[in-house]
Amino acid sequence: MNKKIRTDAVDHLFEAILCLQNKEECYSFFEDLCTVNELLSLSQRFEVASMLREHKTYLEIADKTGASTATISRVNRSLNYGDDGYELVFGRLQGLI
């Protein structure tokens, strides 16, 4: 993991996120925390990651999500060379982990 993001402030944020109990609480917290564009960007990246795992092409992903090829490439890099955070979450969502 990138040591630059391991700070007390980030720890505090993650602790707050981990205490959320359902989607409605997530909507309330993230609507207060993020701008609409920030939240939409995060959800777009997650959708891009999901589509890359399904072996969709960059063109298909860009058409469906509106993501730029630069964003798709960045997410692809994270999937291939990142800290396996996406894989952890996708595995849990599928009940595999």
# chains A, B, ... in the order shown; residues from 1 in each chain; ligands from 1
call {"tool": "residues_around", "arguments": {"residues": "Ser41 in chain A", "least_positions_apart": "5", "cutoff": "10 Å", "atoms": "only C-alpha atoms", "output": "PyMOL selection string"}}
result
chain A and resi 35-36+46-47+67+71
call {"tool": "write_last_selection", "arguments": {"atoms": "N, CA and C atoms", "output": "PDB file, in the first residue's frame"}}
result
ATOM      1  N   THR A  35     -18.532  15.804  -3.020  1.00  0.00           N
ATOM      2  CA  THR A  35     -19.370  16.500  -3.988  1.00  0.00           C
ATOM      3  C   THR A  35     -20.042  15.436  -4.845  1.00  0.00           C
ATOM      4  N   VAL A  36     -21.076  15.818  -5.551  1.00  0.00           N
ATOM      5  CA  VAL A  36     -21.749  14.880  -6.450  1.00  0.00           C
ATOM      6  C   VAL A  36     -20.754  14.334  -7.467  1.00  0.00           C
ATOM      7  N   PHE A  46     -15.310   2.273 -10.113  1.00  0.00           N
ATOM      8  CA  PHE A  46     -15.691   0.939  -9.669  1.00  0.00           C
ATOM      9  C   PHE A  46     -16.399   0.180 -10.794  1.00  0.00           C
ATOM     10  N   GLU A  47     -17.245   0.868 -11.538  1.00  0.00           N
ATOM     11  CA  GLU A  47     -17.927   0.254 -12.683  1.00  0.00           C
ATOM     12  C   GLU A  47     -16.922  -0.125 -13.764  1.00  0.00           C
ATOM     13  N   ALA A  67     -16.367   7.028 -19.113  1.00  0.00           N
ATOM     14  CA  ALA A  67     -15.004   7.207 -18.606  1.00  0.00           C
ATOM     15  C   ALA A  67     -14.050   7.461 -19.766  1.00  0.00           C
ATOM     16  N   THR A  71      -8.779   7.266 -17.647  1.00  0.00           N
ATOM     17  CA  THR A  71      -9.357   6.698 -16.423  1.00  0.00           C
ATOM     18  C   THR A  71      -9.398   5.180 -16.512  1.00  0.00           C
TER      19      THR A  71
END
call {"tool": "select_by_dssp", "arguments": {"residues": "chain A", "states": "alpha helix (DSSP H)", "output": "JSON, numbers by chain"}}
result
{"A": [8, 9, 10, 11, 12, 13, 14, 15, 16, 17, 18, 23, 24, 25, 26, 27, 28, 29, 30, 31, 32, 33, 36, 37, 38, 39, 40, 41, 42, 43, 44, 45, 46, 47, 48, 49, 50, 51, 52, 53, 58, 59, 60, 61, 62, 63, 64, 65, 69, 70, 71, 72, 73, 74, 75, 76, 77, 78, 79, 80, 81, 85, 86, 87, 88, 89, 90, 91, 92, 93]}
call {"tool": "closest_residue", "arguments": {"among": "A:Val75, A:Leu20, A:Ala49, A:Ala70", "to": "Phe90 in chain A", "atoms": "only C-alpha atoms"}}
result
A:Ala49
call {"tool": "residues_around", "arguments": {"residues": "Ala16 in chain A", "least_positions_apart": "3", "cutoff": "12 Å", "atoms": "only C-alpha atoms", "output": "PyMOL selection string"}}
result
chain A and resi 9-13+19-21+25-26+29-30+33
call {"tool": "closest_atom_pairs", "arguments": {"of": "range 55-96 of chain A", "to": "range 1-7 of chain A", "cutoff": "12 Å", "atoms": "only C-alpha atoms", "output": "JSON lines"}}
result
{"residue": "A:Ser78", "atom": "CA", "partner": "A:Met1", "partner_atom": "CA", "distance": 11.4}
{"residue": "A:Tyr81", "atom": "CA", "partner": "A:Met1", "partner_atom": "CA", "distance": 11.1}
{"residue": "A:Gly82", "atom": "CA", "partner": "A:Met1", "partner_atom": "CA", "distance": 8.1}
{"residue": "A:Asp83", "atom": "CA", "partner": "A:Met1", "partner_atom": "CA", "distance": 6.0}
{"residue": "A:Asp84", "atom": "CA", "partner": "A:Met1", "partner_atom": "CA", "distance": 9.6}
{"residue": "A:Gly85", "atom": "CA", "partner": "A:Met1", "partner_atom": "CA", "distance": 9.7}
call {"tool": "closest_residue", "arguments": {"among": "A:Ser28, A:Ser50, A:Asn37, A:Ser68", "to": "Tyr86 in chain A", "atoms": "only C-alpha atoms"}}
result
A:Ser50
